[in-house]
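> File name data20.txt; file contents compact mmCIF, C-alpha atoms; full text below.
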# COMPACT_ATOMS: atom_id res chain seq x y z
CA MET A 5 2.58 -14.79 -29.78
CA LEU A 6 6.07 -13.57 -28.94
CA LYS A 7 4.89 -10.01 -29.52
CA HIS A 8 2.03 -10.48 -27.06
CA LEU A 9 4.43 -11.89 -24.46
CA PHE A 10 6.72 -8.90 -25.00
CA ASN A 11 3.74 -6.58 -24.61
CA PHE A 12 2.66 -8.34 -21.45
CA ILE A 13 6.03 -8.58 -19.70
CA ILE A 14 8.15 -5.65 -20.86
CA PHE A 15 6.38 -2.89 -22.76
CA PRO A 16 3.76 -1.63 -22.00
CA GLY A 17 2.89 -4.34 -19.50
CA PHE A 18 4.67 -5.37 -16.36
CA LEU A 19 8.09 -3.71 -16.43
CA PHE A 20 7.12 -0.33 -17.89
CA THR A 21 4.03 0.06 -15.70
CA ALA A 22 5.96 -1.00 -12.61
CA VAL A 23 8.64 1.62 -13.26
CA VAL A 24 6.03 4.35 -13.79
CA GLY A 25 4.16 3.15 -10.72
CA LEU A 26 7.26 3.18 -8.52
CA ALA A 27 7.95 6.74 -9.62
CA ALA A 28 4.32 7.65 -8.86
CA SER A 29 4.44 6.07 -5.42
CA TRP A 30 7.67 7.96 -4.69
CA ILE A 31 5.94 11.19 -5.70
CA ASP A 32 3.08 10.21 -3.40
CA ARG A 33 5.37 9.68 -0.41
CA LYS A 34 7.44 12.77 -1.13
CA VAL A 35 4.43 15.07 -1.51
CA THR A 36 2.89 13.58 1.64
CA ALA A 37 6.11 14.34 3.48
CA ARG A 38 6.24 17.90 2.15
CA VAL A 39 2.61 18.48 3.15
CA GLN A 40 3.58 17.45 6.69
CA TRP A 41 6.69 19.69 6.64
CA ARG A 42 9.03 16.72 6.45
CA VAL A 43 11.84 16.02 3.98
CA GLY A 44 10.62 12.64 2.76
CA PRO A 45 12.33 9.56 1.36
CA PRO A 46 14.89 9.57 -1.50
CA TRP A 47 13.80 8.68 -5.06
CA TYR A 48 14.88 5.04 -4.90
CA GLN A 49 12.88 4.32 -1.74
CA PRO A 50 9.97 2.30 -3.27
CA LEU A 51 12.49 0.18 -5.21
CA ALA A 52 14.63 -0.35 -2.10
CA ASP A 53 11.52 -1.47 -0.22
CA LEU A 54 10.67 -4.01 -2.92
CA VAL A 55 14.23 -5.40 -3.13
CA LYS A 56 14.43 -5.62 0.65
CA LEU A 57 11.08 -7.42 0.89
CA SER A 58 12.07 -9.90 -1.80
CA ILE A 59 15.12 -11.09 0.17
CA LYS A 60 13.24 -11.49 3.45
CA GLU A 61 11.95 -14.82 4.70
CA ILE A 62 8.39 -15.87 3.77
CA THR A 63 6.47 -16.84 6.87
CA ILE A 64 3.37 -19.01 6.52
CA PRO A 65 1.02 -19.16 9.52
CA LYS A 66 0.43 -22.59 11.02
CA ASN A 67 -3.32 -22.71 10.40
CA ALA A 68 -3.22 -21.05 6.98
CA SER A 69 -4.54 -22.68 3.84
CA LYS A 70 -1.14 -22.75 2.15
CA VAL A 71 -1.91 -22.96 -1.57
CA VAL A 72 -4.46 -20.15 -1.59
CA PHE A 73 -2.31 -18.03 0.74
CA LEU A 74 0.72 -18.33 -1.55
CA LEU A 75 -1.01 -18.09 -4.94
CA ALA A 76 -3.52 -15.29 -4.31
CA PRO A 77 -1.00 -12.38 -4.60
CA LEU A 78 0.31 -13.75 -7.93
CA PHE A 79 -3.27 -14.09 -9.20
CA GLY A 80 -3.99 -10.46 -8.38
CA LEU A 81 -0.71 -9.25 -9.90
CA SER A 82 -1.22 -11.08 -13.21
CA ALA A 83 -4.77 -9.74 -13.50
CA VAL A 84 -3.71 -6.16 -12.95
CA ILE A 85 -0.77 -6.47 -15.39
CA LEU A 86 -3.18 -7.74 -18.05
CA ALA A 87 -5.51 -4.80 -17.40
CA ALA A 88 -2.59 -2.36 -17.59
CA THR A 89 -1.44 -3.91 -20.88
CA PHE A 90 -4.90 -3.51 -22.44
CA ILE A 91 -5.20 0.07 -21.24
CA TRP A 92 -1.75 1.13 -22.51
CA GLN A 93 -2.20 -0.70 -25.83
CA ALA A 94 -5.43 1.17 -26.51
CA ASN A 95 -3.59 4.45 -25.95
CA ILE A 96 -0.44 3.58 -27.90
CA GLN A 97 -1.78 1.79 -31.00
CA LEU A 98 -4.91 3.71 -31.87
CA GLY A 99 -7.35 1.58 -33.82
CA ALA A 100 -5.04 -1.39 -34.09
CA SER A 101 -5.63 -3.03 -30.72
CA GLY A 102 -8.45 -4.25 -28.53
CA PHE A 103 -11.74 -5.94 -29.31
CA THR A 104 -15.40 -5.07 -28.87
CA GLY A 105 -16.22 -5.21 -25.18
CA ASP A 106 -12.73 -4.78 -23.83
CA ILE A 107 -14.00 -2.12 -21.39
CA VAL A 108 -16.05 -4.84 -19.69
CA VAL A 109 -13.02 -7.13 -19.54
CA ILE A 110 -10.90 -4.34 -18.04
CA LEU A 111 -13.57 -3.66 -15.42
CA TYR A 112 -13.48 -7.31 -14.40
CA LEU A 113 -9.66 -7.42 -14.37
CA LEU A 114 -9.48 -4.32 -12.18
CA THR A 115 -11.79 -6.02 -9.68
CA LEU A 116 -9.64 -9.15 -9.45
CA PRO A 117 -6.78 -7.77 -7.26
CA ALA A 118 -9.24 -6.98 -4.47
CA ILE A 119 -10.80 -10.43 -4.77
CA ALA A 120 -7.36 -12.07 -4.74
CA LEU A 121 -6.44 -10.11 -1.64
CA ILE A 122 -9.69 -11.15 0.05
CA LEU A 123 -9.02 -14.82 -0.80
CA GLY A 124 -5.40 -14.84 0.30
CA SER A 125 -5.97 -12.86 3.43
CA SER A 126 -8.90 -14.91 4.62
CA ALA A 127 -6.79 -18.03 3.98
CA SER A 128 -4.22 -16.79 6.50
CA GLY A 129 -6.33 -17.67 9.53
CA ASN A 130 -5.64 -14.46 11.41
CA PRO A 131 -8.58 -12.81 13.23
CA LEU A 132 -7.41 -9.27 12.38
CA ALA A 133 -7.00 -10.33 8.75
CA SER A 134 -10.57 -11.59 8.73
CA LEU A 135 -11.70 -8.24 10.11
CA GLY A 136 -9.81 -6.51 7.29
CA VAL A 137 -11.34 -8.92 4.79
CA SER A 138 -14.87 -8.17 5.95
CA ARG A 139 -14.19 -4.45 5.56
CA GLU A 140 -12.66 -4.96 2.11
CA ILE A 141 -15.71 -6.96 0.96
CA LYS A 142 -18.08 -4.24 2.18
CA LEU A 143 -15.95 -1.56 0.54
CA MET A 144 -15.97 -3.50 -2.74
CA LEU A 145 -19.76 -3.79 -2.60
CA ALA A 146 -19.88 -0.06 -1.96
CA TYR A 147 -17.66 1.25 -4.76
CA GLU A 148 -18.31 -1.23 -7.58
CA LEU A 149 -21.90 -0.10 -8.15
CA PRO A 150 -21.22 3.63 -8.77
CA PHE A 151 -18.02 2.78 -10.68
CA ILE A 152 -19.86 0.56 -13.17
CA ILE A 153 -22.74 3.05 -13.52
CA CYS A 154 -20.39 5.92 -14.28
CA ILE A 155 -18.51 3.81 -16.86
CA ILE A 156 -21.87 3.55 -18.71
CA VAL A 157 -21.85 7.34 -19.30
CA PRO A 158 -19.16 7.41 -22.05
CA ILE A 159 -20.76 4.37 -23.68
CA ILE A 160 -24.12 6.18 -23.90
CA LYS A 161 -22.52 9.42 -25.09
CA SER A 162 -20.63 7.66 -27.87
CA SER A 163 -23.91 5.89 -28.84
CA GLY A 164 -22.78 2.41 -27.87
CA PHE A 165 -19.04 1.93 -28.40
CA LEU A 166 -17.69 -0.81 -26.13
CA LYS A 167 -14.10 -0.64 -27.34
CA MET A 168 -11.50 1.62 -25.74
CA THR A 169 -9.81 2.65 -28.99
CA ASP A 170 -13.23 3.56 -30.46
CA LEU A 171 -14.00 5.73 -27.43
CA ILE A 172 -10.66 7.53 -27.70
CA ALA A 173 -11.13 8.04 -31.46
CA PHE A 174 -14.72 9.28 -30.89
CA GLN A 175 -13.47 11.84 -28.36
CA ALA A 176 -10.74 12.98 -30.75
CA ILE A 177 -13.44 13.89 -33.30
CA ASN A 178 -16.36 15.06 -31.12
CA GLY A 179 -14.56 16.56 -28.11
CA VAL A 180 -13.80 15.01 -24.74
CA PHE A 181 -16.62 13.73 -22.54
CA VAL A 182 -15.59 15.86 -19.54
CA SER A 183 -16.44 19.01 -21.50
CA ASN A 184 -20.10 18.72 -20.50
CA ILE A 185 -21.99 18.20 -17.27
CA SER A 186 -22.68 14.45 -17.37
CA GLY A 187 -19.03 13.72 -18.11
CA ILE A 188 -17.89 15.92 -15.21
CA LEU A 189 -20.27 14.18 -12.80
CA ALA A 190 -19.15 10.76 -14.05
CA ILE A 191 -15.43 11.46 -13.66
CA LEU A 192 -16.05 12.91 -10.19
CA VAL A 193 -17.70 9.65 -9.11
CA ALA A 194 -14.96 7.65 -10.83
CA VAL A 195 -12.20 9.54 -8.98
CA PHE A 196 -13.78 8.73 -5.61
CA CYS A 197 -14.16 5.08 -6.65
CA MET A 198 -10.50 5.07 -7.77
CA GLN A 199 -9.46 6.28 -4.31
CA ALA A 200 -11.41 3.42 -2.73
CA LYS A 201 -10.08 0.86 -5.21
CA LEU A 202 -6.52 1.89 -4.38
CA GLY A 203 -7.25 1.81 -0.65
CA LEU A 204 -5.90 5.30 -0.09
CA VAL A 205 -6.60 7.22 3.04
CA PRO A 206 -10.23 8.19 3.35
CA PHE A 207 -11.07 4.61 2.37
CA ASP A 208 -8.17 2.61 3.82
CA MET A 209 -10.20 0.97 6.58
CA ALA A 210 -9.33 -2.50 5.27
CA GLU A 211 -5.64 -1.81 5.90
CA ALA A 212 -5.92 0.55 8.92
CA GLU A 213 -2.40 0.25 10.33
CA THR A 214 -3.31 2.09 13.51
CA GLU A 215 -6.32 0.00 14.47
CA ILE A 216 -6.09 -3.48 12.94
CA MET A 217 -2.33 -3.45 12.26
CA GLY A 218 -2.26 -3.84 8.51
CA GLY A 219 -5.56 -5.75 8.31
CA ILE A 220 -5.58 -7.63 5.03
CA TYR A 221 -1.76 -7.49 4.77
CA ILE A 222 -1.07 -8.59 8.34
CA GLU A 223 0.21 -12.13 7.70
CA TYR A 224 2.02 -11.48 4.43
CA SER A 225 5.80 -11.14 4.56
CA GLY A 226 8.77 -11.24 2.24
CA ILE A 227 8.23 -11.48 -1.50
CA LEU A 228 4.48 -12.03 -1.16
CA LEU A 229 4.15 -8.64 0.48
CA ALA A 230 6.35 -7.21 -2.28
CA VAL A 231 3.95 -8.66 -4.87
CA LEU A 232 0.98 -7.12 -3.08
CA LYS A 233 2.70 -3.72 -2.94
CA LEU A 234 3.58 -4.03 -6.63
CA THR A 235 -0.05 -4.84 -7.46
CA LYS A 236 -1.13 -1.66 -5.73
CA THR A 237 1.63 0.30 -7.46
CA ILE A 238 0.52 -0.91 -10.90
CA MET A 239 -3.12 -0.14 -10.04
CA MET A 240 -1.96 3.38 -9.27
CA VAL A 241 -0.94 3.71 -12.94
CA ALA A 242 -3.64 1.62 -14.59
CA LEU A 243 -6.67 3.28 -13.00
CA PRO A 244 -5.82 6.95 -13.76
CA VAL A 245 -4.80 6.05 -17.31
CA PHE A 246 -8.06 4.13 -17.74
CA LEU A 247 -10.14 7.05 -16.50
CA SER A 248 -8.28 9.57 -18.62
CA SER A 249 -8.74 7.35 -21.71
CA ILE A 250 -12.47 6.84 -21.43
CA PHE A 251 -13.49 10.25 -20.05
CA TRP A 252 -10.72 12.63 -21.02
CA GLY A 253 -9.72 11.73 -24.56
CA GLY A 254 -6.69 9.50 -24.07
CA PHE A 255 -3.55 9.39 -21.98
CA SER A 256 -1.15 12.26 -21.65
CA VAL A 257 1.41 12.94 -18.95
CA TRP A 258 -0.24 16.07 -17.56
CA LYS A 259 -3.65 14.37 -17.25
CA TYR A 260 -2.02 11.55 -15.31
CA VAL A 261 -0.24 14.05 -13.05
CA VAL A 262 -3.49 15.93 -12.41
CA LEU A 263 -5.30 12.74 -11.38
CA LEU A 264 -2.32 11.68 -9.22
CA VAL A 265 -2.20 15.05 -7.46
CA VAL A 266 -5.95 14.88 -6.79
CA MET A 267 -5.43 11.45 -5.22
CA ILE A 268 -2.49 12.59 -3.09
CA LEU A 269 -4.23 15.73 -1.85
CA MET A 270 -7.41 13.82 -1.03
CA ARG A 271 -5.28 11.33 0.86
CA ASN A 272 -3.47 13.99 2.85
CA THR A 273 -6.40 16.19 3.80
CA ASN A 274 -8.85 13.58 5.04
CA PRO A 275 -9.10 11.27 8.03
CA ARG A 276 -10.06 7.63 7.65
CA VAL A 277 -13.84 7.15 7.53
CA ARG A 278 -15.66 4.24 9.15
CA ILE A 279 -16.87 1.42 6.91
CA ASP A 280 -20.54 2.31 7.40
CA GLN A 281 -19.81 5.93 6.50
CA ALA A 282 -18.01 4.78 3.33
CA LEU A 283 -20.90 2.49 2.40
CA ARG A 284 -23.43 5.29 2.92
CA PHE A 285 -21.23 7.72 0.95
CA PHE A 286 -20.92 5.40 -2.05
CA TRP A 287 -24.42 3.97 -2.15
CA TYR A 288 -26.42 7.13 -1.46
CA ARG A 289 -24.36 10.06 -2.69
CA MET A 290 -22.10 8.59 -5.37
CA THR A 291 -24.66 6.19 -6.85
CA SER A 292 -27.25 8.97 -7.08
CA LEU A 293 -24.70 11.23 -8.76
CA ALA A 294 -23.79 8.45 -11.20
CA ILE A 295 -27.46 7.81 -12.02
CA ILE A 296 -28.01 11.54 -12.58
CA ALA A 297 -24.98 11.52 -14.90
CA VAL A 298 -26.45 8.59 -16.86
CA LEU A 299 -29.83 10.34 -17.16
CA LEU A 300 -28.18 13.55 -18.34
CA ALA A 301 -26.13 11.55 -20.84
CA THR A 302 -29.27 9.94 -22.27
CA LEU A 303 -30.74 13.45 -22.64
CA GLY A 304 -27.57 14.40 -24.52
CA MET A 305 -26.17 16.87 -22.00
CA MET B 26 25.58 -9.51 -1.38
CA SER B 27 26.26 -5.80 -1.29
CA LEU B 28 22.98 -5.06 -3.11
CA LYS B 29 21.15 -7.14 -0.52
CA LEU B 30 22.84 -5.34 2.33
CA LYS B 31 22.20 -1.97 0.73
CA ALA B 32 18.50 -2.73 0.31
CA LEU B 33 18.29 -4.03 3.88
CA THR B 34 19.94 -0.98 5.39
CA LYS B 35 18.13 1.55 3.20
CA SER B 36 14.66 0.36 4.10
CA ILE B 37 14.33 -0.56 7.77
CA TRP B 38 10.76 -1.17 8.87
CA VAL B 39 10.53 -1.12 12.63
CA TYR B 40 8.10 -2.85 14.92
CA HIS B 41 7.64 -1.35 18.35
CA MET B 42 7.30 -3.76 21.27
CA SER B 43 6.66 -2.34 24.72
CA THR B 44 7.36 -4.95 27.40
CA GLY B 45 5.90 -3.01 30.29
CA SER B 46 7.68 0.31 30.01
CA CYS B 47 6.54 3.58 31.57
CA ASN B 48 5.75 4.92 28.03
CA ASN B 49 8.50 7.51 28.18
CA CYS B 50 10.78 5.66 25.74
CA ASP B 51 7.73 4.96 23.53
CA ILE B 52 6.97 8.66 23.28
CA GLU B 53 10.61 9.37 22.37
CA ILE B 54 10.38 6.72 19.63
CA LEU B 55 7.31 8.49 18.25
CA ASP B 56 9.35 11.70 18.26
CA LEU B 57 11.58 10.15 15.62
CA LEU B 58 8.67 10.01 13.18
CA THR B 59 7.65 13.63 13.65
CA PRO B 60 8.70 16.38 11.20
CA ARG B 61 11.57 17.49 13.46
CA PHE B 62 13.55 14.26 13.10
CA ASP B 63 11.73 12.56 10.18
CA VAL B 64 13.42 9.16 9.94
CA GLU B 65 11.45 8.40 6.77
CA ARG B 66 14.35 10.24 5.08
CA PHE B 67 16.35 7.05 5.68
CA GLY B 68 13.51 4.72 4.70
CA ILE B 69 12.60 3.91 8.29
CA ILE B 70 8.88 3.53 8.87
CA LEU B 71 6.82 2.13 11.71
CA VAL B 72 4.78 -0.95 10.78
CA GLY B 73 1.86 -2.49 12.62
CA SER B 74 2.47 -6.16 11.90
CA ILE B 75 5.51 -8.15 13.01
CA ARG B 76 5.46 -9.98 9.66
CA HIS B 77 6.59 -6.78 7.93
CA ALA B 78 9.32 -5.87 10.43
CA ASP B 79 13.08 -5.69 9.93
CA ALA B 80 13.88 -4.38 13.41
CA ILE B 81 12.16 -4.91 16.73
CA LEU B 82 12.42 -2.01 19.17
CA VAL B 83 12.11 -3.33 22.72
CA THR B 84 11.32 -0.90 25.51
CA GLY B 85 10.73 -1.59 29.20
CA ALA B 86 11.93 -4.15 31.71
CA LEU B 87 10.81 -7.64 30.76
CA ASN B 88 8.37 -9.06 33.27
CA LEU B 89 6.97 -12.54 33.79
CA LYS B 90 3.99 -11.88 31.52
CA THR B 91 5.91 -10.43 28.61
CA ILE B 92 8.84 -12.90 28.44
CA PRO B 93 6.87 -15.66 26.59
CA ARG B 94 5.18 -13.04 24.44
CA ILE B 95 8.37 -11.39 23.26
CA LYS B 96 9.84 -14.81 22.44
CA ASN B 97 6.72 -15.52 20.43
CA ILE B 98 7.00 -12.17 18.62
CA TYR B 99 10.65 -12.78 17.77
CA GLU B 100 9.87 -16.23 16.36
CA GLN B 101 7.15 -14.75 14.15
CA ALA B 102 9.43 -12.11 12.65
CA PRO B 103 10.75 -12.88 9.15
CA LYS B 104 14.55 -13.11 9.25
CA PRO B 105 16.93 -11.25 8.83
CA CYS B 106 15.67 -9.18 11.73
CA VAL B 107 17.56 -7.14 14.33
CA VAL B 108 16.60 -6.41 17.92
CA ILE B 109 17.28 -2.98 19.45
CA ALA B 110 16.93 -2.44 23.19
CA ILE B 111 15.84 1.12 23.97
CA GLY B 112 16.07 2.75 27.37
CA ALA B 113 17.73 1.91 30.68
CA CYS B 114 15.10 -0.73 31.56
CA ALA B 115 15.55 -2.70 28.34
CA CYS B 116 19.36 -2.41 28.40
CA GLY B 117 20.03 -3.43 31.98
CA GLN B 118 16.67 -3.44 33.76
CA GLY B 119 17.29 0.00 35.30
CA ILE B 120 15.58 0.49 38.64
CA PHE B 121 13.83 -2.87 38.26
CA ALA B 122 17.11 -4.83 38.48
CA LYS B 123 16.17 -6.46 41.78
CA GLY B 124 12.42 -6.60 41.19
CA PRO B 125 10.69 -9.93 41.88
CA ASN B 126 8.59 -9.76 38.71
CA THR B 127 11.43 -8.81 36.36
CA PRO B 128 13.79 -11.81 36.41
CA ASP B 129 15.57 -11.51 33.03
CA PRO B 130 17.08 -8.63 31.06
CA VAL B 131 16.21 -8.48 27.36
CA ASP B 132 19.60 -9.77 26.20
CA SER B 133 19.20 -13.02 28.14
CA VAL B 134 16.03 -13.76 26.16
CA LEU B 135 16.72 -12.33 22.68
CA PRO B 136 19.92 -11.69 20.68
CA VAL B 137 20.14 -7.90 21.06
CA ASP B 138 22.05 -6.08 18.30
CA ALA B 139 22.13 -2.56 19.70
CA TYR B 140 21.69 -1.00 23.11
CA ILE B 141 20.48 2.59 23.52
CA PRO B 142 20.82 3.64 27.17
CA GLY B 143 19.05 6.63 28.68
CA CYS B 144 15.94 7.25 30.71
CA PRO B 145 14.53 8.04 28.18
CA PRO B 146 17.22 8.20 25.44
CA LYS B 147 17.13 11.32 23.29
CA PRO B 148 15.96 10.93 19.67
CA GLU B 149 19.47 12.00 18.56
CA ALA B 150 20.91 9.09 20.54
CA MET B 151 18.56 6.69 18.79
CA ILE B 152 19.54 8.00 15.34
CA ALA B 153 23.23 7.67 16.31
CA ALA B 154 22.60 4.09 17.43
CA ILE B 155 20.91 3.21 14.16
CA VAL B 156 23.83 4.69 12.21
CA LYS B 157 26.27 2.62 14.29
CA LEU B 158 24.16 -0.51 13.79
CA ILE B 159 24.18 -0.01 10.02
CA GLU B 160 27.98 0.46 10.10
CA LYS B 161 28.29 -2.76 12.08
CA LEU B 162 26.07 -4.70 9.66
CA LYS B 163 28.11 -3.38 6.72
CA GLY B 164 31.34 -4.42 8.42
CA LYS B 165 29.97 -7.89 8.95
CA GLY B 166 28.68 -8.36 5.37
Would it be possible to restate this file's structure as structure tokens?


Amino acid sequence: MLKHLFNFIIFPGFLFTAVVGLAASWIDRKVTARVQWRVGPPWYQPLADLVKLSIKEITIPKNASKVVFLLAPLFGLSAVILAATFIWQANIQLGASGFTGDIVVILYLLTLPAIALILGSSASGNPLASLGVSREIKLMLAYELPFIICIIVPIIKSSGFLKMTDLIAFQAINGVFVSNISGILAILVAVFCMQAKLGLVPFDMAEAETEIMGGIYIEYSGILLAVLKLTKTIMMVALPVFLSSIFWGGFSVWKYVVLLVVMILMRNTNPRVRIDQALRFFWYRMTSLAIIAVLLATLGM
Amino acid sequence: MSLKLKALTKSIWVYHMSTGSCNNCDIEILDLLTPRFDVERFGIILVGSIRHADAILVTGALNLKTIPRIKNIYEQAPKPCVVIAIGACACGQGIFAKGPNTPDPVDSVLPVDAYIPGCPPKPEAMIAAIVKLIEKLKGKG
């Protein structure tokens, strides 16, 4: 019991993932600045932002539903910490952790932060927040379908393993899944879905600072906003590590860096798309690609 | 206390409130975010929502329509929050000092922490003002 609590709170759960995530979000801001010929913030900037937010006042709107508004960010954070703990454990203790079907559980846990944000933001009673919420719901409907379909590919290729450690062990013996065409298609779809899940630039219409002023985050202030930022930061570690474990034969630092650089470059070279364009992109192009990947995987390619 | 103050001064998120300015000061504020001046070096970023703001930048001479609105904005801001008046109009009403629609200067409505005069002030002047404001906050704390 105490060991599980340690795993959840300190290593490899909350504290460790948060530190890695803060470093990653600093790299993100610094590379963005360098791409735009700027200098960029110092290394402690994400931490300074979090500390600053946690000593600010929490404002609650008058017509907000208080309990949901206050609890939703914590709900999302705990879900994503649990997902991160599962994902790291599968990579650290090969064969000794996890249970059959933990991939399904992780998929659900990675969906929960978005749902928590939708709940909390729609409880705030702000019209711009409700606009952001409607976009976030549509975006979720768009990216969840191809994401789940492309997660089926490694399960088919490993002839039915539903446990992360089994998948990693299978890849260690039989070669990584991205070495053939169905795996490449699946990880391509998964990278686009990861971008949308993180709400990074081509798919940040739910946040859209320049048009709906922060959208889903508009009414959150103080430590609640810090919790929301931390949730996103931890997602930025959990998702790439998850993808590299199930498609690319387990975590390693350079695989994480490659996925992070892909995310940052995609974010810096694209404008924000409209919600209908994103929906069309995910449902028509990405879902078809994911289905093709599944068919190829069943044919053994 | 010093950690708090350090975090507050190292990460200033600004909210830009135009109270009927001619847009000249607003364009100079945007200059600060461009690669030439790049205030993100000091952790300063522009935010869209007043709930995230640590500093409110006020430009323009307050008129009858914007006085209740800027009071409303200031009440919505999470404290601690500073107010910076930018440009001749916001500092002392400029050429609108005797205008019938501009009865009050900004500092009679809000507690202003820093004044940046100029029509419009240069980006260098704004950076100097922010440095002085941080020095003042450190002296206080």

> Per residue of chain B within 8 Å of chain A, note the shortest atom pair and the distance in Å to one decimal, counting all atoms listed in the file, and order the rows by chain and increasing residue number, as JSON lines.


{"residue": "B:Lys29", "atom": "CA", "partner": "A:Lys56", "partner_atom": "CA", "distance": 7.0}
{"residue": "B:Ala32", "atom": "CA", "partner": "A:Lys56", "partner_atom": "CA", "distance": 5.0}
{"residue": "B:Leu33", "atom": "CA", "partner": "A:Lys56", "partner_atom": "CA", "distance": 5.3}
{"residue": "B:Lys35", "atom": "CA", "partner": "A:Ala52", "partner_atom": "CA", "distance": 6.6}
{"residue": "B:Ser36", "atom": "CA", "partner": "A:Asp53", "partner_atom": "CA", "distance": 5.6}
{"residue": "B:Thr59", "atom": "CA", "partner": "A:Arg42", "partner_atom": "CA", "distance": 8.0}
{"residue": "B:Pro60", "atom": "CA", "partner": "A:Arg42", "partner_atom": "CA", "distance": 4.8}
{"residue": "B:Arg61", "atom": "CA", "partner": "A:Arg42", "partner_atom": "CA", "distance": 7.5}
{"residue": "B:Asp63", "atom": "CA", "partner": "A:Arg42", "partner_atom": "CA", "distance": 6.2}
{"residue": "B:Glu65", "atom": "CA", "partner": "A:Pro45", "partner_atom": "CA", "distance": 5.6}
{"residue": "B:Arg66", "atom": "CA", "partner": "A:Pro45", "partner_atom": "CA", "distance": 4.3}
{"residue": "B:Phe67", "atom": "CA", "partner": "A:Pro45", "partner_atom": "CA", "distance": 6.4}
{"residue": "B:Gly68", "atom": "CA", "partner": "A:Pro45", "partner_atom": "CA", "distance": 6.0}
{"residue": "B:Val72", "atom": "CA", "partner": "A:Glu213", "partner_atom": "CA", "distance": 7.3}
{"residue": "B:Gly73", "atom": "CA", "partner": "A:Met217", "partner_atom": "CA", "distance": 4.3}
{"residue": "B:Ser74", "atom": "CA", "partner": "A:Met217", "partner_atom": "CA", "distance": 5.5}
{"residue": "B:Arg76", "atom": "CA", "partner": "A:Ser225", "partner_atom": "CA", "distance": 5.2}
{"residue": "B:His77", "atom": "CA", "partner": "A:Ser225", "partner_atom": "CA", "distance": 5.6}
{"residue": "B:Gln101", "atom": "CA", "partner": "A:Thr63", "partner_atom": "CA", "distance": 7.6}
{"residue": "B:Pro103", "atom": "CA", "partner": "A:Glu61", "partner_atom": "CA", "distance": 5.0}
{"residue": "B:Lys104", "atom": "CA", "partner": "A:Glu61", "partner_atom": "CA", "distance": 5.5}
{"residue": "B:Pro105", "atom": "CA", "partner": "A:Lys60", "partner_atom": "CA", "distance": 6.5}

> What is the CA of Ser101 in chain A-CA of Val298 in chain A distance in Å, reported with one decimal?

27.6 Å

> Rounded to one decimal, what separation in Å do you get between CA of Lys31 in chain B and CA of Val107 in chain B?

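Here the two named atoms are 15.3 Å from each other.
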
> What's the separation between CA of Trp92 in chain A and CA of Met144 in chain A, in Å to one decimal place?

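Computed distance, CA of Trp92 in chain A to CA of Met144 in chain A, equals 24.8 Å.
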
> Kindly indicate which residue among B:Ile52, B:Ile70, B:Ala86, B:Ile111 lies nearest to Lys123 in chain B, using only C-alpha atoms for the distances.

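Looking at the shortest contact to Lys123 in chain B, the residue is B:Ala86.
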
> Would you list the contacts of Ala297 in chain A as a PyMOL selection string, taking every protein, DNA or RNA residue within 12 Å and counting only C-alpha atoms, but skipping same-chain residues closer than 4 positions in sequence?

chain A and resi 150-151+153-158+160-161+181-182+184-194+290-293+301-305

> Write out as a list of chain:residue names the residues lying within 10 Å of Ser128 in chain A, counting only C-alpha atoms and excluding same-chain residues fewer than 3 positions away.

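My list of contacting residues is A:Ile64, A:Pro65, A:Lys66, A:Asn67, A:Ala68, A:Ser69, A:Lys70, A:Val72, A:Phe73, A:Leu74, A:Leu123, A:Gly124, A:Ser125, A:Pro131, A:Ala133, A:Ser134, A:Ile220, A:Tyr221, A:Ile222, A:Glu223, A:Tyr224.
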
> When you count only C-alpha atoms, which of these residues is closest to Val156 in chain B: B:Ile54, B:Val64, B:Ile81, B:Ala115?

B:Val64

> Find the residues around Leu263 in chain A up to 9 Å (all atoms listed in the file counted), leave out those fewer than 2 positions away in its own chain, and share them as a list in words.

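Counting all atoms listed in the file, the residues come to Val195, Pro244, Val245, Ser248, Trp258, Lys259, Tyr260, Val261, Val265, Val266, Met267 and Ile268 of chain A.
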
> Could you give me, as an mmCIF file with C-alpha atoms, in the coordinates of the input, the residues within 7 Å of Cys114 in chain B, counting only C-alpha atoms and dropping anything in the same chain fewer than 4 positions from it?


data_model
loop_
_atom_site.group_PDB
_atom_site.id
_atom_site.type_symbol
_atom_site.label_atom_id
_atom_site.label_comp_id
_atom_site.auth_asym_id
_atom_site.auth_seq_id
_atom_site.Cartn_x
_atom_site.Cartn_y
_atom_site.Cartn_z
ATOM 1 C CA GLY B 85 10.730 -1.590 29.200
ATOM 2 C CA ALA B 86 11.930 -4.150 31.710
ATOM 3 C CA GLN B 118 16.670 -3.440 33.760
ATOM 4 C CA GLY B 119 17.290 0.000 35.300
#

> With only C-alpha atoms as the counted atoms, please give the residues lying no more than 12 Å from Lys157 in chain B, apart from itself and same-chain residues fewer than 4 positions off, as a PyMOL selection string.

chain B and resi 34+109+138-141+150-153+161-164

> Using all atoms listed in the file, which of the listed residues (B:Asp79, B:Asp132, B:Glu160, B:Ile37) sits closest to Ala102 in chain B?

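Closest residue, counting all atoms listed in the file: B:Asp79.
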
> Would you compute an axis-aligned box for range 243-257 of chain A, covering every atom listed for it in the file with 6 Å of margin on each side, and report centre and edge lengths in Å to one decimal as AutoDock Vina command-line options?


--center_x -6.0 --center_y 8.1 --center_z -18.8 --size_x 26.9 --size_y 21.7 --size_z 23.6
